[in-house]
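Have a look at work.pdb below; it lists PDB, C-alpha atoms.
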ATOM      1  CA  VAL A   1      -8.321  23.905 -16.848
ATOM      2  CA  LYS A   2      -6.866  21.138 -19.006
ATOM      3  CA  ILE A   3     -10.209  19.485 -19.782
ATOM      4  CA  ASN A   4     -13.353  20.395 -21.701
ATOM      5  CA  VAL A   5     -16.695  19.585 -20.052
ATOM      6  CA  THR A   6     -19.097  18.269 -22.684
ATOM      7  CA  SER A   7     -22.186  17.605 -20.539
ATOM      8  CA  GLY A   8     -23.495  17.619 -16.986
ATOM      9  CA  ASN A   9     -26.347  18.521 -14.647
ATOM     10  CA  ILE A  10     -26.311  19.914 -11.101
ATOM     11  CA  ASN A  11     -29.054  19.636  -8.494
ATOM     12  CA  ALA A  12     -28.697  20.978  -4.962
ATOM     13  CA  ALA A  13     -30.869  21.149  -1.869
ATOM     14  CA  GLY A  14     -29.694  23.128   1.118
ATOM     15  CA  ARG A  15     -29.125  26.553   2.619
ATOM     16  CA  LEU A  16     -26.814  29.134   1.068
ATOM     17  CA  ALA A  17     -25.873  32.255   3.022
ATOM     18  CA  VAL A  18     -23.879  35.251   1.822
ATOM     19  CA  VAL A  19     -22.868  37.830   4.424
ATOM     20  CA  SER A  20     -20.999  41.091   3.907
ATOM     21  CA  LYS A  21     -18.203  41.641   6.427
ATOM     22  CA  ASP A  22     -17.719  44.939   8.275
ATOM     23  CA  LYS A  23     -14.110  45.304   7.110
ATOM     24  CA  GLY A  24     -14.841  44.391   3.505
ATOM     25  CA  GLY A  25     -15.192  41.111   1.681
ATOM     26  CA  ILE A  26     -17.880  38.502   2.038
ATOM     27  CA  SER A  27     -18.499  35.264   3.862
ATOM     28  CA  ILE A  28     -20.289  32.420   2.063
ATOM     29  CA  THR A  29     -21.604  29.226   3.673
ATOM     30  CA  TYR A  30     -23.521  26.267   2.259
ATOM     31  CA  ASN A  31     -25.143  23.388   4.149
ATOM     32  CA  GLY A  32     -26.968  20.653   2.284
ATOM     33  CA  ASP A  33     -26.664  18.002  -0.427
ATOM     34  CA  ALA A  34     -25.768  18.056  -4.100
ATOM     35  CA  LEU A  35     -26.057  15.736  -7.093
ATOM     36  CA  PHE A  36     -23.912  15.984 -10.231
ATOM     37  CA  SER A  37     -25.351  13.757 -12.967
ATOM     38  CA  ASP A  38     -24.591  12.767 -16.573
ATOM     39  CA  PHE A  39     -21.165  14.422 -16.422
ATOM     40  CA  ALA A  40     -18.635  13.974 -19.218
ATOM     41  CA  SER A  41     -15.284  15.571 -20.012
ATOM     42  CA  VAL A  42     -12.434  15.165 -22.470
ATOM     43  CA  ASP A  43      -8.822  16.290 -22.294
ATOM     44  CA  LYS A  44      -7.924  19.301 -24.410
ATOM     45  CA  LEU A  45      -4.791  17.802 -25.922
ATOM     46  CA  TYR A  46      -6.114  14.552 -27.401
ATOM     47  CA  GLY A  47      -9.900  14.905 -27.180
ATOM     48  CA  GLU A  48     -10.151  11.561 -25.358
ATOM     49  CA  ASP A  49     -12.525  10.712 -22.505
ATOM     50  CA  PHE A  50     -10.980  11.883 -19.242
ATOM     51  CA  LEU A  51     -13.636  11.699 -16.548
ATOM     52  CA  LYS A  52     -17.352  10.900 -16.722
ATOM     53  CA  TRP A  53     -20.100   9.460 -14.567
ATOM     54  CA  LYS A  54     -23.832   8.818 -14.358
ATOM     55  CA  ALA A  55     -24.289  10.067 -10.817
ATOM     56  CA  PHE A  56     -22.029  11.729  -8.240
ATOM     57  CA  SER A  57     -23.819  12.300  -4.955
ATOM     58  CA  VAL A  58     -22.470  14.628  -2.256
ATOM     59  CA  LYS A  59     -24.177  14.217   1.110
ATOM     60  CA  GLY A  60     -24.002  16.320   4.256
ATOM     61  CA  VAL A  61     -22.011  19.259   2.932
ATOM     62  CA  GLU A  62     -20.791  21.973   5.284
ATOM     63  CA  ALA A  63     -18.691  24.387   3.239
ATOM     64  CA  GLY A  64     -17.707  28.007   3.328
ATOM     65  CA  TYR A  65     -15.542  30.803   2.025
ATOM     66  CA  GLY A  66     -14.055  33.450   4.292
ATOM     67  CA  PRO A  67     -12.666  31.342   5.927
ATOM     68  CA  VAL A  68     -12.355  28.476   3.443
ATOM     69  CA  TYR A  69     -13.446  25.035   4.658
ATOM     70  CA  ALA A  70     -15.338  21.965   3.451
ATOM     71  CA  HIS A  71     -16.638  19.011   5.481
ATOM     72  CA  ILE A  72     -18.528  16.293   3.612
ATOM     73  CA  LYS A  73     -20.308  13.382   5.247
ATOM     74  CA  GLY A  74     -20.228  11.094   2.219
ATOM     75  CA  LEU A  75     -19.458  10.889  -1.497
ATOM     76  CA  SER A  76     -20.982   8.308  -3.819
ATOM     77  CA  LEU A  77     -19.935   7.757  -7.434
ATOM     78  CA  ALA A  78     -21.861   5.423  -9.766
ATOM     79  CA  ASP A  79     -21.341   4.249 -13.363
ATOM     80  CA  PHE A  80     -18.112   6.158 -13.836
ATOM     81  CA  TYR A  81     -15.041   6.219 -16.070
ATOM     82  CA  ALA A  82     -11.677   7.775 -15.225
ATOM     83  CA  ARG A  83      -8.291   7.895 -16.913
ATOM     84  CA  VAL A  84      -5.792   7.988 -14.058
ATOM     85  CA  THR A  85      -1.996   8.232 -14.121
ATOM     86  CA  LEU A  86       0.276   7.821 -11.106
ATOM     87  CA  ASN A  87       3.136  10.165 -11.944
ATOM     88  CA  GLU A  88       6.813   9.629 -11.191
ATOM     89  CA  ASP A  89       6.597  11.985  -8.211
ATOM     90  CA  GLY A  90       3.697  10.036  -6.691
ATOM     91  CA  THR A  91       0.988  12.537  -7.602
ATOM     92  CA  LEU A  92      -2.176  11.580  -9.464
ATOM     93  CA  SER A  93      -3.121  13.059 -12.832
ATOM     94  CA  LEU A  94      -6.568  13.996 -11.493
ATOM     95  CA  ARG A  95      -4.842  16.570  -9.243
ATOM     96  CA  LYS A  96      -3.171  18.250 -12.215
ATOM     97  CA  ILE A  97      -6.146  19.216 -14.358
ATOM     98  CA  ILE A  98      -5.701  22.869 -13.351
ATOM     99  CA  GLU A  99      -3.218  24.672 -15.574
ATOM    100  CA  ASP A 100      -0.645  26.463 -13.440
ATOM    101  CA  GLU A 101       1.775  27.481 -16.134
ATOM    102  CA  THR A 102       2.217  31.230 -16.648
ATOM    103  CA  PRO A 103       2.582  31.882 -20.378
ATOM    104  CA  ALA A 104       5.406  34.162 -21.410
ATOM    105  CA  VAL A 105       4.474  37.439 -23.090
ATOM    106  CA  THR A 106       6.087  37.521 -26.525
ATOM    107  CA  GLY A 107       7.780  40.687 -27.645
ATOM    108  CA  GLN A 108       8.222  41.945 -24.068
ATOM    109  CA  PRO A 109      11.740  42.827 -22.838
ATOM    110  CA  ALA A 110      13.188  40.244 -20.466
ATOM    111  CA  GLU A 111      13.509  42.752 -17.594
ATOM    112  CA  GLU A 112       9.898  43.900 -17.927
ATOM    113  CA  GLN A 113       8.672  40.327 -18.269
ATOM    114  CA  LYS A 114      10.533  39.297 -15.081
ATOM    115  CA  LYS A 115       9.026  42.248 -13.229
ATOM    116  CA  ALA A 116       5.538  41.323 -14.439
ATOM    117  CA  GLU A 117       5.997  37.775 -13.118
ATOM    118  CA  GLU A 118       7.020  38.974  -9.641
ATOM    119  CA  PRO A 119       4.223  38.843  -7.011
ATOM    120  CA  GLU A 120       2.710  42.084  -5.783
ATOM    121  CA  THR A 121       3.722  43.419  -2.368
ATOM    122  CA  ASN A 122       0.162  43.089  -1.012
ATOM    123  CA  PRO A 123      -1.572  40.641  -3.333
ATOM    124  CA  THR A 124      -5.195  39.689  -2.935
ATOM    125  CA  LYS A 125      -6.060  36.118  -2.121
ATOM    126  CA  THR A 126      -5.283  33.913  -5.131
ATOM    127  CA  GLU A 127      -6.762  30.568  -6.160
ATOM    128  CA  SER A 128      -3.573  28.819  -4.998
ATOM    129  CA  GLU A 129      -3.893  30.408  -1.553
ATOM    130  CA  THR A 130      -7.506  29.299  -1.391
ATOM    131  CA  ALA A 131      -6.424  25.756  -2.252
ATOM    132  CA  LYS A 132      -3.817  25.821   0.540
ATOM    133  CA  ASN A 133      -6.460  26.965   3.028
ATOM    134  CA  LEU A 134      -8.746  24.159   1.892
ATOM    135  CA  ASP A 135      -5.921  21.678   2.460
ATOM    136  CA  ARG A 136      -5.932  22.720   6.102
ATOM    137  CA  ASP A 137      -9.672  22.347   6.661
ATOM    138  CA  PHE A 138     -11.104  19.664   4.394
ATOM    139  CA  SER A 139     -12.574  16.313   5.389
ATOM    140  CA  VAL A 140     -14.659  13.514   3.899
ATOM    141  CA  GLY A 141     -16.525  10.895   5.906
ATOM    142  CA  SER A 142     -16.462   8.144   3.272
ATOM    143  CA  ILE A 143     -16.350   7.531  -0.484
ATOM    144  CA  THR A 144     -18.407   4.795  -2.151
ATOM    145  CA  LEU A 145     -17.747   3.589  -5.696
ATOM    146  CA  GLN A 146     -20.066   1.474  -7.831
ATOM    147  CA  GLY A 147     -19.811   0.219 -11.409
ATOM    148  CA  GLY A 148     -16.662   2.004 -12.506
ATOM    149  CA  THR A 149     -14.016   1.674 -15.211
ATOM    150  CA  ILE A 150     -10.502   3.017 -14.631
ATOM    151  CA  ASP A 151      -7.779   3.237 -17.273
ATOM    152  CA  PHE A 152      -4.754   3.260 -14.996
ATOM    153  CA  MET A 153      -1.065   3.898 -15.713
ATOM    154  CA  ASP A 154       1.717   3.704 -13.130
ATOM    155  CA  ARG A 155       4.805   5.738 -14.047
ATOM    156  CA  MET A 156       6.462   5.330 -10.646
ATOM    157  CA  ILE A 157       7.747   1.909 -11.686
ATOM    158  CA  LYS A 158      10.084   1.295 -14.607
ATOM    159  CA  PRO A 159       9.064   0.342 -17.199
ATOM    160  CA  SER A 160       5.686   2.002 -16.762
ATOM    161  CA  TYR A 161       2.638  -0.220 -16.336
ATOM    162  CA  SER A 162      -0.902   0.262 -17.621
ATOM    163  CA  VAL A 163      -4.094  -1.703 -16.982
ATOM    164  CA  ASN A 164      -7.836  -1.415 -17.622
ATOM    165  CA  LEU A 165      -9.824  -1.914 -14.411
ATOM    166  CA  THR A 166     -13.520  -2.712 -14.876
ATOM    167  CA  GLU A 167     -16.596  -3.321 -12.684
ATOM    168  CA  MET A 168     -14.941  -1.363  -9.879
ATOM    169  CA  THR A 169     -16.859  -1.182  -6.611
ATOM    170  CA  GLY A 170     -15.861  -0.572  -3.026
ATOM    171  CA  ARG A 171     -15.226   1.997  -0.353
ATOM    172  CA  ILE A 172     -12.580   4.494   0.710
ATOM    173  CA  GLY A 173     -12.686   5.451   4.377
ATOM    174  CA  GLY A 174     -12.835   8.919   5.824
ATOM    175  CA  PHE A 175      -9.910  11.305   5.798
ATOM    176  CA  SER A 176      -9.092  14.813   6.941
ATOM    177  CA  LEU A 177      -6.297  16.798   5.330
ATOM    178  CA  ASN A 178      -5.636  19.056   8.298
ATOM    179  CA  LEU A 179      -5.383  16.054  10.662
ATOM    180  CA  ASP A 180      -3.104  14.135   8.287
ATOM    181  CA  LYS A 181      -5.428  11.124   8.528
ATOM    182  CA  ARG A 182      -4.940   8.051   6.336
ATOM    183  CA  ALA A 183      -7.970   6.441   4.736
ATOM    184  CA  ASP A 184      -8.598   2.699   4.385
ATOM    185  CA  VAL A 185      -9.086   1.506   0.801
ATOM    186  CA  GLU A 186     -11.178  -1.557  -0.079
ATOM    187  CA  LEU A 187     -11.950  -1.987  -3.792
ATOM    188  CA  ARG A 188     -13.006  -4.922  -5.944
ATOM    189  CA  GLY A 189     -13.311  -5.335  -9.678
ATOM    190  CA  ARG A 190     -11.860  -7.091 -12.706
ATOM    191  CA  ILE A 191      -8.942  -6.640 -15.062
ATOM    192  CA  ASP A 192     -10.252  -6.284 -18.632
ATOM    193  CA  ASN A 193     -13.628  -7.721 -17.518
ATOM    194  CA  HIS A 194     -12.071 -11.129 -16.739
ATOM    195  CA  VAL A 195      -9.464 -11.481 -13.982
ATOM    196  CA  PRO A 196     -10.813 -10.823 -10.441
ATOM    197  CA  LEU A 197      -9.111  -7.938  -8.661
ATOM    198  CA  GLU A 198      -8.944  -6.787  -5.039
ATOM    199  CA  ILE A 199      -7.233  -3.590  -3.887
ATOM    200  CA  ALA A 200      -6.632  -2.873  -0.218
ATOM    201  CA  GLY A 201      -4.442  -0.520   1.765
ATOM    202  CA  LYS A 202      -4.235   3.060   2.964
ATOM    203  CA  ILE A 203      -3.892   6.453   1.300
ATOM    204  CA  ASN A 204      -3.348  10.017   2.424
ATOM    205  CA  PRO A 205      -4.166  12.560  -0.320
ATOM    206  CA  ALA A 206      -2.728  15.536   1.579
ATOM    207  CA  ARG A 207      -0.760  17.857  -0.698
ATOM    208  CA  ASN A 208       2.244  18.129   1.643
ATOM    209  CA  ASN A 209       2.292  14.546   2.916
ATOM    210  CA  LEU A 210       1.075  12.306   0.125
ATOM    211  CA  PHE A 211       0.995   8.640   1.198
ATOM    212  CA  THR A 212       0.040   5.567  -0.799
ATOM    213  CA  ASP A 213       0.281   1.986   0.452
ATOM    214  CA  ILE A 214      -1.984  -0.291  -1.570
ATOM    215  CA  SER A 215      -1.707  -3.817  -2.906
TER     216      SER A 215
END
Please re-express this file's structure in structure tokens.
Amino acid sequence: VKINVTSGNINAAGRLAVVSKDKGGISITYNGDALFSDFASVDKLYGEDFLKWKAFSVKGVEAGYGPVYAHIKGLSLADFYARVTLNEDGTLSLRKIIEDETPAVTGQPAEEQKKAEEPETNPTKTESETAKNLDRDFSVGSITLQGGTIDFMDRMIKPSYSVNLTEMTGRIGGFSLNLDKRADVELRGRIDNHVPLEIAGKINPARNNLFTDIS
């Protein structure tokens, strides 16, 4: 992970079930609500604020592992700060906080190092495979934002553009990754605490069919 978490609290109310399967492995399910409060994180490289909030509420969770799925009725984020970059390839920086680089082993012959990097014939389920499964069965009913600050940089346009968005409030509609559903975006705020701002459009955060049309 490319960030360091400096504080945070978790409260959950619901039902957690862990079941051992006949052919090995386990099945885990959770149904309920969760609250993540007083969260703060900094990036490892510069030690600057990356993502923080006062309260992040997750309502109506139906999630499981074996198979992997997650259906959430609603997300609510209050008093938050985020440093967000829209990369040249259209991806958001928030999706790249997981380090996926495989460090080279120094002093190891090139042939042995190449062999070590090759996947096993019958590998166990990896985190990347789990993420792909979640892409196929993940949905959110709605996302509500209140009292946020976003340091935003757009690298898709040349020259790149950066802006400080403050007092951000609004709503992002429901979406489902496996149904390739686009979500309506309606946000309001100010630029540097002064100029009124309205953002509207549609987004699709699916890994294989990313879509952004906002103005």
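The result of the PyMOL selection byres ((chain A and resi 161-169) around 7) on the shown file is Leu145, Gln146, Gly147, Gly148, Thr149, Ile150, Asp151, Phe152, Met153, Asp154, Arg155, Pro159, Ser160, Gly170, Leu187, Arg188, Gly189, Arg190, Ile191, Asp192 and Asn193 of chain A.
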Response to the item:
Taken to one decimal, the atom CA of Ile10 of chain A-atom CA of Ala34 of chain A distance is 7.3 Å
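Remark: for Asn4 of chain A, the closest of the candidate residues A:Asp49, A:Asp38, A:His71, A:Gly32 is A:Asp49 (distances computed over all atoms listed in the file).
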Item to complete: Name the residues that the PyMOL selection byres ((chain A and resi 76) around 7) pulls out of this structure, and write them as a PyMOL selection string.
Response: chain A and resi 56-58+74-75+77-78+143-145
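Straight-line separation from atom CA of Val42 of chain A to atom CA of Asp79 of chain A: 16.8 Å.
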Practice prompt. Run the PyMOL selection byres ((chain A and resi 72) around 10) mentally over the shown coordinates, then write out the matched residues as a PyMOL selection string, using the chain letters and numbers from the document.
Written response: chain A and resi 31-33+58-63+70-71+73-75+138-143+174
Worksheet entry | 7 Å contact set for Ile214 of chain A, all atoms listed in the file, chain neighbours under 2 positions out, as a PyMOL selection string | chain A and resi 199-202+212
Go ahead and save the residues from that selection, with C-alpha atoms, as an mmCIF file, keeping the file's coordinate frame.
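The result, stored in selection.cif:
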data_model
loop_
_atom_site.group_PDB
_atom_site.id
_atom_site.type_symbol
_atom_site.label_atom_id
_atom_site.label_comp_id
_atom_site.auth_asym_id
_atom_site.auth_seq_id
_atom_site.Cartn_x
_atom_site.Cartn_y
_atom_site.Cartn_z
ATOM 1 C CA ILE A 199 -7.233 -3.590 -3.887
ATOM 2 C CA ALA A 200 -6.632 -2.873 -0.218
ATOM 3 C CA GLY A 201 -4.442 -0.520 1.765
ATOM 4 C CA LYS A 202 -4.235 3.060 2.964
ATOM 5 C CA THR A 212 0.040 5.567 -0.799
#
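Remark: for Met156 of chain A, the closest of the candidate residues A:Val185, A:Leu86, A:Leu92, A:Ile28 is A:Leu86 (distances computed over only C-alpha atoms).
The space separating atom CA of Ala12 of chain A from atom CA of Val68 of chain A comes to 19.8 Å.
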May I have the protein, DNA and RNA residues with any atom at most 12 Å from the point (-9.8, 12.5, -22.1), counting all atoms listed in the file, written as an mmCIF file with C-alpha atoms, in the coordinates of the input?
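Saved result, result_1.cif, follows:
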data_model
loop_
_atom_site.group_PDB
_atom_site.id
_atom_site.type_symbol
_atom_site.label_atom_id
_atom_site.label_comp_id
_atom_site.auth_asym_id
_atom_site.auth_seq_id
_atom_site.Cartn_x
_atom_site.Cartn_y
_atom_site.Cartn_z
ATOM 1 C CA LYS A 2 -6.866 21.138 -19.006
ATOM 2 C CA ILE A 3 -10.209 19.485 -19.782
ATOM 3 C CA ASN A 4 -13.353 20.395 -21.701
ATOM 4 C CA VAL A 5 -16.695 19.585 -20.052
ATOM 5 C CA THR A 6 -19.097 18.269 -22.684
ATOM 6 C CA ALA A 40 -18.635 13.974 -19.218
ATOM 7 C CA SER A 41 -15.284 15.571 -20.012
ATOM 8 C CA VAL A 42 -12.434 15.165 -22.470
ATOM 9 C CA ASP A 43 -8.822 16.290 -22.294
ATOM 10 C CA LYS A 44 -7.924 19.301 -24.410
ATOM 11 C CA LEU A 45 -4.791 17.802 -25.922
ATOM 12 C CA TYR A 46 -6.114 14.552 -27.401
ATOM 13 C CA GLY A 47 -9.900 14.905 -27.180
ATOM 14 C CA GLU A 48 -10.151 11.561 -25.358
ATOM 15 C CA ASP A 49 -12.525 10.712 -22.505
ATOM 16 C CA PHE A 50 -10.980 11.883 -19.242
ATOM 17 C CA LEU A 51 -13.636 11.699 -16.548
ATOM 18 C CA LYS A 52 -17.352 10.900 -16.722
ATOM 19 C CA TYR A 81 -15.041 6.219 -16.070
ATOM 20 C CA ALA A 82 -11.677 7.775 -15.225
ATOM 21 C CA ARG A 83 -8.291 7.895 -16.913
ATOM 22 C CA VAL A 84 -5.792 7.988 -14.058
ATOM 23 C CA THR A 85 -1.996 8.232 -14.121
ATOM 24 C CA SER A 93 -3.121 13.059 -12.832
ATOM 25 C CA LEU A 94 -6.568 13.996 -11.493
ATOM 26 C CA ILE A 97 -6.146 19.216 -14.358
ATOM 27 C CA ASP A 151 -7.779 3.237 -17.273
#
